[in-house]
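File shown: run-v1.txt (compact mmCIF, C-alpha atoms (C1' of nucleotides)).
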# COMPACT_ATOMS: atom_id res chain seq x y z
CA MET A 65 10.54 12.29 -23.62
CA PRO A 66 9.09 10.91 -26.86
CA LYS A 67 7.97 13.78 -29.07
CA ASP A 68 6.12 11.53 -31.46
CA GLN A 69 3.46 10.79 -28.91
CA SER A 70 0.16 12.63 -28.78
CA THR A 71 -0.32 14.99 -25.86
CA GLU A 72 -3.11 12.83 -24.55
CA ASP A 73 -0.85 9.79 -24.47
CA ARG A 74 1.97 11.73 -22.85
CA ILE A 75 -0.44 12.77 -20.12
CA LYS A 76 -1.66 9.23 -19.66
CA ASP A 77 1.84 7.85 -19.36
CA ALA A 78 2.84 10.57 -16.93
CA ALA A 79 -0.32 10.15 -14.89
CA LYS A 80 0.22 6.43 -14.70
CA SER A 81 3.74 6.90 -13.47
CA ILE A 82 2.80 9.43 -10.80
CA PHE A 83 -0.41 7.78 -9.62
CA VAL A 84 1.30 4.42 -9.37
CA GLN A 85 4.13 5.84 -7.29
CA LYS A 86 2.20 8.22 -5.05
CA GLY A 87 -1.34 6.94 -5.07
CA TYR A 88 -4.40 9.02 -5.79
CA ALA A 89 -4.22 11.18 -2.67
CA GLY A 90 -0.49 11.80 -2.96
CA ALA A 91 -0.44 12.68 -6.65
CA ARG A 92 -0.53 16.30 -7.83
CA MET A 93 -1.87 17.46 -11.18
CA GLN A 94 1.07 19.84 -11.45
CA GLU A 95 3.53 16.99 -10.99
CA ILE A 96 1.81 14.95 -13.66
CA ALA A 97 2.00 17.90 -16.04
CA GLU A 98 5.73 18.24 -15.45
CA GLU A 99 6.28 14.50 -15.82
CA ALA A 100 4.52 14.72 -19.16
CA GLY A 101 7.36 16.91 -20.39
CA GLY A 102 6.38 20.32 -19.09
CA ILE A 103 2.89 20.24 -20.49
CA ASN A 104 0.50 22.83 -19.15
CA LYS A 105 -1.63 21.88 -16.18
CA ALA A 106 -4.76 23.15 -17.86
CA LEU A 107 -4.36 20.53 -20.56
CA LEU A 108 -4.93 17.74 -18.10
CA HIS A 109 -8.37 19.17 -17.51
CA TYR A 110 -8.93 19.81 -21.17
CA TYR A 111 -8.38 16.13 -21.92
CA PHE A 112 -9.67 14.43 -18.80
CA ARG A 113 -11.88 17.03 -17.14
CA SER A 114 -10.90 16.21 -13.51
CA LYS A 115 -8.33 14.44 -11.37
CA ASP A 116 -10.94 11.85 -10.51
CA GLN A 117 -11.68 11.03 -14.12
CA LEU A 118 -8.01 10.94 -15.04
CA PHE A 119 -7.34 8.54 -12.21
CA GLU A 120 -10.28 6.37 -13.11
CA LYS A 121 -9.01 6.12 -16.67
CA ILE A 122 -5.52 5.14 -15.52
CA PHE A 123 -6.75 2.61 -13.02
CA GLU A 124 -8.99 1.09 -15.64
CA GLU A 125 -6.09 0.80 -18.05
CA VAL A 126 -3.73 -0.76 -15.54
CA PHE A 127 -6.42 -3.20 -14.59
CA GLN A 128 -7.19 -4.19 -18.16
CA GLU A 129 -3.51 -4.52 -18.86
CA ILE A 130 -2.76 -7.05 -16.16
CA MET A 131 -5.95 -9.02 -15.70
CA PRO A 132 -6.14 -10.82 -19.04
CA LYS A 133 -2.53 -11.99 -18.69
CA LEU A 134 -3.04 -13.24 -15.17
CA ASN A 135 -6.23 -14.91 -16.25
CA ALA A 136 -4.88 -16.63 -19.32
CA VAL A 137 -2.48 -18.80 -17.40
CA LEU A 138 -5.32 -20.19 -15.30
CA ASN A 139 -7.06 -21.42 -18.39
CA LEU A 140 -4.13 -23.38 -19.77
CA GLU A 141 -4.42 -27.10 -20.25
CA GLY A 142 -2.14 -29.40 -18.31
CA SER A 143 -1.58 -30.94 -14.90
CA VAL A 144 -1.99 -28.96 -11.73
CA LEU A 145 1.74 -28.78 -11.17
CA GLU A 146 2.28 -27.52 -14.70
CA LYS A 147 -0.39 -24.93 -14.14
CA ILE A 148 1.18 -23.78 -10.89
CA ASP A 149 4.57 -23.51 -12.54
CA ALA A 150 3.12 -21.46 -15.37
CA PHE A 151 1.33 -19.28 -12.85
CA VAL A 152 4.54 -18.57 -10.95
CA ASP A 153 6.53 -17.84 -14.11
CA GLU A 154 3.85 -15.54 -15.47
CA TYR A 155 3.36 -13.61 -12.24
CA ILE A 156 7.04 -13.14 -11.47
CA SER A 157 7.94 -11.98 -14.95
CA ASN A 158 4.97 -9.63 -15.12
CA ILE A 159 5.62 -8.09 -11.77
CA ARG A 160 9.31 -7.68 -12.47
CA ARG A 161 8.36 -5.64 -15.50
CA HIS A 162 5.89 -3.53 -13.50
CA PRO A 163 7.07 -3.76 -9.92
CA HIS A 164 4.99 -0.86 -8.56
CA ILE A 165 1.64 -2.07 -9.85
CA PRO A 166 0.73 -4.53 -7.09
CA LEU A 167 1.14 -2.08 -4.22
CA PHE A 168 -0.69 0.56 -6.21
CA VAL A 169 -3.64 -1.70 -6.92
CA ILE A 170 -3.74 -3.04 -3.39
CA HIS A 171 -3.53 0.39 -1.82
CA GLU A 172 -6.21 1.95 -3.99
CA LEU A 173 -8.53 -1.01 -3.64
CA SER A 174 -8.21 -0.95 0.10
CA GLN A 175 -9.28 2.70 -0.02
CA ASN A 176 -12.25 1.75 -2.13
CA PRO A 177 -13.01 -1.97 -2.41
CA ASP A 178 -16.10 -1.37 -4.52
CA ARG A 179 -13.92 -0.28 -7.39
CA PHE A 180 -12.85 -3.87 -7.89
CA VAL A 181 -16.38 -5.20 -8.04
CA GLN A 182 -17.27 -2.56 -10.61
CA LYS A 183 -14.26 -3.36 -12.75
CA VAL A 184 -14.92 -7.04 -12.57
CA THR A 185 -18.61 -7.04 -13.29
CA ALA A 186 -17.94 -4.75 -16.23
CA ASN A 187 -15.35 -7.20 -17.45
CA PRO A 188 -15.53 -10.99 -17.64
CA GLY A 189 -11.76 -11.37 -17.37
CA LEU A 190 -11.75 -12.21 -13.68
CA PRO A 191 -9.24 -14.95 -12.88
CA ASN A 192 -11.08 -18.22 -12.68
CA VAL A 193 -9.86 -19.29 -9.29
CA ALA A 194 -12.73 -21.66 -8.62
CA ARG A 195 -11.65 -23.91 -11.47
CA LEU A 196 -8.10 -24.08 -10.15
CA MET A 197 -9.45 -25.00 -6.70
CA MET A 198 -11.38 -27.87 -8.25
CA GLU A 199 -8.39 -29.17 -10.14
CA ILE A 200 -6.22 -28.97 -7.04
CA MET A 201 -8.74 -30.98 -5.08
CA GLU A 202 -8.97 -33.62 -7.78
CA ALA A 203 -5.21 -33.96 -7.96
CA MET A 204 -5.12 -34.38 -4.21
CA GLU A 205 -7.77 -37.08 -4.32
CA ARG A 206 -5.78 -38.88 -6.98
CA LYS A 207 -2.74 -38.60 -4.63
CA GLU A 208 -0.75 -36.76 -7.27
CA ILE A 209 0.09 -34.08 -4.74
CA ARG A 210 0.08 -33.83 -0.99
CA THR A 211 -3.17 -32.70 0.58
CA PHE A 212 -3.65 -29.10 1.73
CA VAL A 213 -6.65 -26.84 1.92
CA PRO A 214 -6.71 -25.58 -1.67
CA MET A 215 -7.42 -21.97 -0.80
CA HIS A 216 -4.45 -21.84 1.54
CA LEU A 217 -2.25 -23.40 -1.09
CA PHE A 218 -3.40 -20.77 -3.54
CA MET A 219 -2.66 -18.01 -1.03
CA ASN A 220 0.77 -19.44 -0.42
CA ILE A 221 1.65 -19.40 -4.09
CA LEU A 222 0.26 -15.93 -4.70
CA SER A 223 1.97 -14.57 -1.60
CA MET A 224 5.40 -15.88 -2.51
CA CYS A 225 5.13 -14.37 -5.98
CA VAL A 226 3.78 -10.95 -5.14
CA PHE A 227 4.82 -10.02 -1.63
CA PRO A 228 8.55 -9.55 -2.07
CA PHE A 229 7.90 -6.84 -4.64
CA VAL A 230 5.31 -5.12 -2.50
CA ALA A 231 7.56 -5.10 0.55
CA ARG A 232 10.76 -4.49 -1.30
CA PRO A 233 11.84 -1.37 0.62
CA ILE A 234 11.39 -3.09 3.96
CA ILE A 235 13.02 -6.33 2.90
CA GLN A 236 16.01 -4.54 1.46
CA SER A 237 16.41 -2.52 4.63
CA VAL A 238 16.06 -5.45 6.97
CA THR A 239 18.37 -7.70 5.00
CA GLN A 240 20.80 -4.96 3.97
CA MET A 241 20.50 -5.88 0.30
CA ASP A 242 21.55 -3.30 -2.26
CA ASP A 243 19.79 -3.01 -5.63
CA LEU A 244 22.25 -5.23 -7.45
CA ASN A 245 21.80 -7.94 -4.86
CA TRP A 246 18.08 -7.59 -5.13
CA ASP A 247 18.07 -8.02 -8.89
CA GLN A 248 20.28 -11.08 -8.68
CA MET A 249 17.99 -12.56 -6.09
CA MET A 250 14.93 -11.92 -8.22
CA ASP A 251 16.55 -13.58 -11.22
CA ASP A 252 16.20 -16.85 -9.35
CA ARG A 253 12.95 -16.12 -7.63
CA ALA A 254 10.60 -18.01 -9.95
CA GLU A 255 12.76 -21.12 -9.92
CA MET A 256 13.08 -21.02 -6.16
CA ILE A 257 9.36 -20.72 -5.62
CA LYS A 258 8.64 -23.58 -7.99
CA ARG A 259 11.19 -25.80 -6.26
CA PHE A 260 9.74 -24.91 -2.89
CA ILE A 261 6.19 -25.68 -3.97
CA HIS A 262 7.18 -28.95 -5.59
CA ALA A 263 9.01 -30.00 -2.45
CA ALA A 264 5.96 -29.22 -0.35
CA LEU A 265 3.52 -30.97 -2.67
CA GLU A 266 5.44 -34.08 -3.59
CA VAL A 267 4.04 -37.33 -2.23
CA GLU A 268 6.65 -39.71 -1.00
CA MET B 66 -15.62 6.94 22.96
CA PRO B 67 -13.81 6.57 26.28
CA LYS B 68 -14.20 9.75 28.26
CA ASP B 69 -11.62 8.76 30.84
CA GLN B 70 -8.82 9.17 28.32
CA SER B 71 -6.79 12.33 28.10
CA THR B 72 -7.40 14.50 25.08
CA GLU B 73 -3.89 13.86 23.88
CA ASP B 74 -4.45 10.10 23.96
CA ARG B 75 -7.79 10.41 22.23
CA ILE B 76 -6.11 12.34 19.46
CA LYS B 77 -3.32 9.78 19.18
CA ASP B 78 -5.76 6.88 18.94
CA ALA B 79 -7.84 8.69 16.37
CA ALA B 80 -4.80 9.73 14.35
CA LYS B 81 -3.49 6.20 14.36
CA SER B 82 -6.78 4.86 13.12
CA ILE B 83 -7.10 7.42 10.31
CA PHE B 84 -3.45 7.44 9.23
CA VAL B 85 -3.34 3.66 9.17
CA GLN B 86 -6.45 3.45 7.03
CA LYS B 87 -5.85 6.35 4.65
CA GLY B 88 -2.13 6.93 4.72
CA TYR B 89 -0.45 10.26 5.34
CA ALA B 90 -1.58 11.92 2.12
CA GLY B 91 -5.16 10.68 2.38
CA ALA B 92 -5.69 11.62 6.01
CA ARG B 93 -7.37 14.90 7.00
CA MET B 94 -6.83 16.71 10.27
CA GLN B 95 -10.56 17.43 10.40
CA GLU B 96 -11.35 13.75 10.10
CA ILE B 97 -8.93 12.89 12.88
CA ALA B 98 -10.55 15.51 15.09
CA GLU B 99 -13.98 14.02 14.48
CA GLU B 100 -12.71 10.50 15.04
CA ALA B 101 -11.35 11.67 18.40
CA GLY B 102 -14.91 12.31 19.49
CA GLY B 103 -15.64 15.71 18.01
CA ILE B 104 -12.59 17.38 19.39
CA ASN B 105 -11.66 20.71 17.92
CA LYS B 106 -9.25 20.76 15.01
CA ALA B 107 -7.13 23.43 16.65
CA LEU B 108 -6.34 21.07 19.48
CA LEU B 109 -4.46 18.77 17.17
CA HIS B 110 -2.09 21.62 16.52
CA TYR B 111 -2.00 22.60 20.15
CA TYR B 112 -0.75 19.13 21.07
CA PHE B 113 1.25 18.11 18.06
CA ARG B 114 2.04 21.34 16.25
CA SER B 115 1.64 20.02 12.68
CA LYS B 116 0.28 17.13 10.64
CA ASP B 117 3.84 16.08 9.92
CA GLN B 118 4.79 15.87 13.55
CA LEU B 119 1.58 14.08 14.48
CA PHE B 120 2.20 11.54 11.77
CA GLU B 121 5.79 11.07 12.80
CA LYS B 122 4.70 10.40 16.36
CA ILE B 123 2.14 7.83 15.26
CA PHE B 124 4.51 6.09 12.89
CA GLU B 125 7.13 5.96 15.57
CA GLU B 126 4.68 4.42 18.02
CA VAL B 127 3.44 1.82 15.58
CA PHE B 128 6.99 0.93 14.75
CA GLN B 129 8.07 0.60 18.36
CA GLU B 130 4.99 -1.43 19.08
CA ILE B 131 5.63 -4.13 16.51
CA MET B 132 9.39 -4.32 16.13
CA PRO B 133 10.33 -5.67 19.54
CA LYS B 134 7.75 -8.44 19.24
CA LEU B 135 8.86 -9.43 15.78
CA ASN B 136 12.43 -9.33 16.89
CA ALA B 137 12.03 -11.34 20.07
CA VAL B 138 11.01 -14.48 18.26
CA LEU B 139 14.19 -14.42 16.19
CA ASN B 140 16.28 -14.53 19.32
CA LEU B 141 14.62 -17.58 20.83
CA GLU B 142 16.66 -20.68 21.48
CA GLY B 143 15.81 -23.89 19.67
CA SER B 144 16.08 -25.67 16.36
CA VAL B 145 15.52 -23.87 13.09
CA LEU B 146 12.17 -25.52 12.57
CA GLU B 147 11.05 -24.53 16.04
CA LYS B 148 12.16 -21.01 15.35
CA ILE B 149 10.28 -20.89 12.07
CA ASP B 150 7.14 -22.20 13.74
CA ALA B 151 7.40 -19.59 16.45
CA PHE B 152 7.96 -16.93 13.80
CA VAL B 153 4.82 -17.93 11.92
CA ASP B 154 2.69 -18.09 15.06
CA GLU B 155 3.91 -14.75 16.28
CA TYR B 156 3.46 -12.96 12.96
CA ILE B 157 0.01 -14.35 12.21
CA SER B 158 -1.37 -13.59 15.64
CA ASN B 159 0.12 -10.12 15.67
CA ILE B 160 -1.17 -9.22 12.25
CA ARG B 161 -4.61 -10.60 12.97
CA ARG B 162 -4.78 -8.21 15.89
CA HIS B 163 -3.61 -5.28 13.76
CA PRO B 164 -4.50 -6.21 10.20
CA HIS B 165 -4.02 -2.74 8.67
CA ILE B 166 -0.53 -2.14 10.00
CA PRO B 167 1.49 -3.99 7.34
CA LEU B 168 0.00 -2.18 4.35
CA PHE B 169 0.32 1.11 6.21
CA VAL B 170 3.98 0.57 6.99
CA ILE B 171 4.75 -0.72 3.52
CA HIS B 172 2.95 2.12 1.80
CA GLU B 173 4.52 4.87 3.86
CA LEU B 174 7.98 3.36 3.63
CA SER B 175 7.71 3.09 -0.12
CA GLN B 176 6.91 6.82 -0.17
CA ASN B 177 9.94 7.50 1.98
CA PRO B 178 12.38 4.61 2.40
CA ASP B 179 14.76 6.72 4.47
CA ARG B 180 12.29 6.77 7.30
CA PHE B 181 13.06 3.13 7.98
CA VAL B 182 16.77 3.66 8.15
CA GLN B 183 16.28 6.53 10.58
CA LYS B 184 13.97 4.50 12.80
CA VAL B 185 16.33 1.59 12.78
CA THR B 186 19.56 3.40 13.45
CA ALA B 187 17.82 5.25 16.27
CA ASN B 188 16.74 1.90 17.66
CA PRO B 189 18.71 -1.33 18.00
CA GLY B 190 15.58 -3.50 17.79
CA LEU B 191 16.04 -4.42 14.14
CA PRO B 192 15.15 -8.06 13.51
CA ASN B 193 18.32 -10.08 13.45
CA VAL B 194 17.82 -11.74 10.12
CA ALA B 195 21.48 -12.47 9.53
CA ARG B 196 21.59 -14.82 12.49
CA LEU B 197 18.56 -16.74 11.24
CA MET B 198 20.22 -17.06 7.82
CA MET B 199 23.27 -18.59 9.46
CA GLU B 200 21.26 -21.06 11.45
CA ILE B 201 19.29 -22.07 8.39
CA MET B 202 22.50 -22.74 6.48
CA GLU B 203 23.94 -24.80 9.29
CA ALA B 204 20.79 -26.88 9.53
CA MET B 205 20.97 -27.48 5.80
CA GLU B 206 24.58 -28.58 6.01
CA ARG B 207 23.65 -30.98 8.77
CA LYS B 208 20.89 -32.32 6.45
CA GLU B 209 18.24 -31.52 9.02
CA ILE B 210 16.23 -29.69 6.37
CA ARG B 211 16.17 -29.64 2.63
CA THR B 212 18.50 -27.17 0.95
CA PHE B 213 17.22 -23.83 -0.36
CA VAL B 214 18.78 -20.42 -0.69
CA PRO B 215 18.18 -19.13 2.84
CA MET B 216 17.09 -15.67 1.80
CA HIS B 217 14.43 -17.09 -0.51
CA LEU B 218 13.24 -19.38 2.21
CA PHE B 219 12.94 -16.41 4.53
CA MET B 220 11.01 -14.44 1.92
CA ASN B 221 8.68 -17.38 1.40
CA ILE B 222 7.85 -17.60 5.07
CA LEU B 223 7.41 -13.87 5.51
CA SER B 224 5.28 -13.62 2.36
CA MET B 225 2.90 -16.36 3.36
CA CYS B 226 2.38 -14.77 6.76
CA VAL B 227 1.92 -11.17 5.74
CA PHE B 228 0.61 -11.01 2.20
CA PRO B 229 -2.90 -12.36 2.67
CA PHE B 230 -3.65 -9.55 5.09
CA VAL B 231 -2.18 -6.91 2.83
CA ALA B 232 -4.12 -8.11 -0.19
CA ARG B 233 -7.27 -9.03 1.69
CA PRO B 234 -9.68 -6.90 -0.36
CA ILE B 235 -8.44 -8.35 -3.62
CA ILE B 236 -8.32 -11.92 -2.40
CA GLN B 237 -11.81 -11.71 -1.00
CA SER B 238 -13.10 -10.27 -4.26
CA VAL B 239 -11.37 -12.78 -6.46
CA THR B 240 -12.34 -15.78 -4.36
CA GLN B 241 -15.79 -14.48 -3.43
CA MET B 242 -15.12 -14.96 0.26
CA ASP B 243 -17.31 -13.08 2.72
CA ASP B 244 -15.95 -11.82 6.05
CA LEU B 245 -17.07 -14.86 8.00
CA ASN B 246 -15.37 -17.14 5.52
CA TRP B 247 -12.26 -15.05 5.76
CA ASP B 248 -12.09 -15.24 9.53
CA GLN B 249 -12.56 -18.99 9.50
CA MET B 250 -9.82 -19.31 6.94
CA MET B 251 -7.45 -17.20 9.00
CA ASP B 252 -8.12 -19.29 12.09
CA ASP B 253 -6.23 -22.09 10.37
CA ARG B 254 -3.69 -19.95 8.60
CA ALA B 255 -0.76 -20.38 10.96
CA GLU B 256 -1.16 -24.16 11.11
CA MET B 257 -1.44 -24.38 7.34
CA ILE B 258 1.69 -22.37 6.76
CA LYS B 259 3.67 -24.43 9.23
CA ARG B 260 2.50 -27.67 7.65
CA PHE B 261 3.40 -26.34 4.23
CA ILE B 262 6.85 -25.26 5.29
CA HIS B 263 7.54 -28.53 7.09
CA ALA B 264 6.47 -30.47 4.02
CA ALA B 265 8.80 -28.42 1.85
CA LEU B 266 11.74 -28.69 4.20
CA GLU B 267 11.55 -32.29 5.29
CA VAL B 268 14.33 -34.53 4.05
CA GLU B 269 13.21 -37.92 2.94
C1' DG C 157 -4.96 22.46 -28.89
C1' DT C 158 -2.22 25.07 -25.95
C1' DC C 159 -1.14 28.76 -23.01
C1' DT C 160 -1.76 32.49 -19.11
C1' DA C 161 -4.26 34.08 -15.58
C1' DT C 162 -7.19 33.49 -12.07
C1' DA C 163 -11.22 31.82 -9.63
C1' DG C 164 -12.68 28.87 -5.88
C1' DC C 165 -12.07 25.61 -2.58
C1' DT C 166 -9.93 22.53 0.71
C1' DG C 167 -7.24 21.85 4.41
C1' DG C 168 -3.30 22.95 7.46
C1' DA C 169 -2.09 26.37 10.68
C1' DT C 170 -2.59 30.46 13.88
C1' DA C 171 -4.67 34.32 16.81
C1' DG C 172 -7.16 35.39 20.46
C1' DA C 173 -11.27 35.01 23.54
C1' DC C 174 -12.76 32.28 27.29
C1' DG D 264 -6.96 23.42 27.65
C1' DT D 265 -10.53 24.27 24.55
C1' DC D 266 -13.21 26.87 21.42
C1' DT D 267 -14.39 30.26 17.38
C1' DA D 268 -12.85 32.73 13.80
C1' DT D 269 -9.79 33.45 10.35
C1' DC D 270 -5.71 33.29 7.60
C1' DC D 271 -3.12 31.56 3.90
C1' DA D 272 -0.91 28.12 0.89
C1' DG D 273 -1.57 24.76 -2.27
C1' DC D 274 -4.36 22.54 -5.22
C1' DT D 275 -8.17 21.58 -8.56
C1' DA D 276 -10.62 23.65 -11.94
C1' DT D 277 -12.18 27.16 -15.32
C1' DA D 278 -12.20 31.42 -18.37
C1' DG D 279 -10.48 33.38 -22.11
C1' DA D 280 -6.72 34.89 -25.30
C1' DC D 281 -4.07 33.05 -29.02

Transcribe the structure of this file into structure tokens.
Amino acid sequence: MPKDQSTEDRIKDAAKSIFVQKGYAGARMQEIAEEAGGINKALLHYYFRSKDQLFEKIFEEVFQEIMPKLNAVLNLEGSVLEKIDAFVDEYISNIRRHPHIPLFVIHELSQNPDRFVQKVTANPGLPNVARLMMEIMEAMERKEIRTFVPMHLFMNILSMCVFPFVARPIIQSVTQMDDLNWDQMMDDRAEMIKRFIHAALEVE
Amino acid sequence: MPKDQSTEDRIKDAAKSIFVQKGYAGARMQEIAEEAGGINKALLHYYFRSKDQLFEKIFEEVFQEIMPKLNAVLNLEGSVLEKIDAFVDEYISNIRRHPHIPLFVIHELSQNPDRFVQKVTANPGLPNVARLMMEIMEAMERKEIRTFVPMHLFMNILSMCVFPFVARPIIQSVTQMDDLNWDQMMDDRAEMIKRFIHAALEVE
DNA sequence: GTCTATAGCTGGATAGAC
DNA sequence: GTCTATCCAGCTATAGAC
């Protein structure tokens, strides 16, 4: 445990780790205190007042940490296929670095969908999906890529990038993959998805 | 609330509904009792002894309910493409009927991955993924379909079927879809996925 | 700022009347 | 089988010494 960190930061890191793994309802203040290097439970309240407020702070941070990155790639210049490739690369590499974040965000938002709206209205960094939809449609009209309903295409891409990490425990069980196998598989994941999408979209 | 149901069944239905929505840690025995039509809390313990055992029963039931169906489609006769189509149809229609199940199962299994192993060893109904992998490889060698790493192909298919339902609150927020829009979109989902997969797999 | 001690509450579980 | 009343553990939160 890094001793050069302020107590507040140690608590935040610990809280993030525990909340992300166990969710709000499953997390315990005591466990967070221990994770923070044996800090006293009372200090969590000294710094953050309540479990609710600590969670809110963490969720906010996680959200602010991922959204701008995910958004940036949608604003790149280039062809639709280039954009999709960049999207896949960015998502896969981000999620590999923080594999528990998607399930955490999904689970907490499904408990309280309003949270998302609040976060988003407070913050203009919402991914600009509408623009991508437009560009996909234009590329289809120009016959650059095969025609699909853009929203479904978008869902397909997103799903292939995110889902394996969300469902990792199930997938590993069903397919009998060990952790080493899993990592090797994920090393190729971005390339595989891009190849798959290109194959589906190419006009003959 | 159906009065012709036994108390035990009312409790099971209520527990399923609450556990599936809130997860084990987020569920409250009191809430389950109310959901069961104002039944007394003590009765939950009379019938199921503890929250743990009630949950275990529910999880078991959910698991037994979905696994055989998901498994059956993998044992069908036919070409690989036919099998994939059947897989997509079966998954989409099942999940549309029980849209909260996947996130529930994923979330609880990520809290306790061993649970899956127990369920599976106790029950031979595990989806036979290995066989599908084999058939995919053979079809690729025969040049019936384009070549991909079979496991990635499998993940792609599974992801496209399941993920939209898991991430529904986020997707609806990001894309500004209302519920009507969502339902219309999901009416076409199976067809869209099949078209997408066929396009990706077709050899020119 | 950090600790100990403890208050106060929530929620799972049980006893016992009916 | 079902209810009321109550217990008790575990958890959040606070008071107060240092």

Which residues of chain C come within 8 Å of chain B, and what is each one's closest atom pair and distance in Å (one decimal), counting all atoms listed in the file, sorted by chain and residue number, as a Markdown table?
| residue | atom | partner | partner_atom | distance |
| --- | --- | --- | --- | --- |
| C:DG167 | C1' | B:Arg93 | CA | 7.4 |
| C:DG168 | C1' | B:Lys116 | CA | 7.5 |
| C:DA169 | C1' | B:His110 | CA | 7.5 |

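Going from atom CA of Tyr110 of chain A to atom C1' of DC159 of chain C covers 12.0 Å.
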
**OP:** Tell me, in Å to one decimal, how far atom CA of Gln129 of chain B is from atom CA of Val230 of chain A.
**Re:** 21.8 Å

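Here atom CA of Leu174 of chain B stands at a distance of 29.0 Å from atom CA of Phe213 of chain B.
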
**OP:** May I ask which of the residues B:Ile104, B:Ala79, B:Ile258, B:Met198 is the closest one to chain D, counting all atoms listed in the file?
**Re:** B:Ile104

**OP:** Please identify all polymer residues within 8 Å of segment 175-192 of chain A, counting only C-alpha atoms (C1' of nucleotides), omitting same-chain residues fewer than 4 positions from it, and present them as JSON, numbers by chain.
**Re:** {"A": [124, 131, 132, 134, 135, 136, 138, 139, 171, 196], "B": [86, 87, 234, 235, 238, 239]}

Could you build a table of the residues in chain D lying no more than 10 Å from chain B, giving for each the nearest pair of atoms and their separation in Å rounded to one decimal place, using all atoms listed in the file, ordered by chain and ascending residue number, as a Markdown table?
| residue | atom | partner | partner_atom | distance |
| --- | --- | --- | --- | --- |
| D:DG264 | C1' | B:Leu108 | CA | 8.5 |
| D:DT265 | C1' | B:Leu108 | CA | 7.3 |
| D:DC266 | C1' | B:Asn105 | CA | 7.3 |
| D:DT267 | C1' | B:Asn105 | CA | 9.9 |

How about saving the chosen residues, C-alpha atoms (C1' of nucleotides) kept, as a CSV table (one decimal), keeping the file's coordinate frame?
chain,number,residue,atom,x,y,z
D,264,DG,C1',-7.0,23.4,27.6
D,265,DT,C1',-10.5,24.3,24.6
D,266,DC,C1',-13.2,26.9,21.4
D,267,DT,C1',-14.4,30.3,17.4

Report as a CSV table (one decimal) with C-alpha atoms, in the coordinates of the input all protein, DNA and RNA residues lying within 10 Å of segment 162-168 of chain A, evaluated on all atoms listed in the file, omitting residues in the same chain fewer than 4 positions from it.
chain,number,residue,atom,x,y,z
A,80,LYS,CA,0.2,6.4,-14.7
A,81,SER,CA,3.7,6.9,-13.5
A,83,PHE,CA,-0.4,7.8,-9.6
A,84,VAL,CA,1.3,4.4,-9.4
A,85,GLN,CA,4.1,5.8,-7.3
A,86,LYS,CA,2.2,8.2,-5.0
A,87,GLY,CA,-1.3,6.9,-5.1
A,88,TYR,CA,-4.4,9.0,-5.8
A,123,PHE,CA,-6.8,2.6,-13.0
A,126,VAL,CA,-3.7,-0.8,-15.5
A,127,PHE,CA,-6.4,-3.2,-14.6
A,130,ILE,CA,-2.8,-7.0,-16.2
A,156,ILE,CA,7.0,-13.1,-11.5
A,157,SER,CA,7.9,-12.0,-15.0
A,158,ASN,CA,5.0,-9.6,-15.1
A,172,GLU,CA,-6.2,2.0,-4.0
A,173,LEU,CA,-8.5,-1.0,-3.6
A,174,SER,CA,-8.2,-1.0,0.1
A,226,VAL,CA,3.8,-11.0,-5.1
A,227,PHE,CA,4.8,-10.0,-1.6
A,228,PRO,CA,8.6,-9.6,-2.1
A,229,PHE,CA,7.9,-6.8,-4.6
A,230,VAL,CA,5.3,-5.1,-2.5
A,231,ALA,CA,7.6,-5.1,0.6
A,232,ARG,CA,10.8,-4.5,-1.3
B,168,LEU,CA,0.0,-2.2,4.4
B,171,ILE,CA,4.8,-0.7,3.5
B,172,HIS,CA,3.0,2.1,1.8
B,175,SER,CA,7.7,3.1,-0.1
B,231,VAL,CA,-2.2,-6.9,2.8
B,232,ALA,CA,-4.1,-8.1,-0.2

**OP:** Please provide the set of residues having any atom within 10 Å of DA171 of chain C, restricted to all atoms listed in the file, with same-chain residues fewer than 2 positions apart removed, written as a PyMOL selection string.
**Re:** (chain C and resi 173) or (chain D and resi 268-270)

**OP:** Point out the residue among A:Ile75, A:Ala263, A:Leu108, A:Val169 with the least atom-to-atom distance to DT275 of chain D, counting only C-alpha atoms (C1' of nucleotides).
**Re:**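 Comparing A:Ile75, A:Ala263, A:Leu108, A:Val169 against DT275 of chain D, the winner is A:Leu108.
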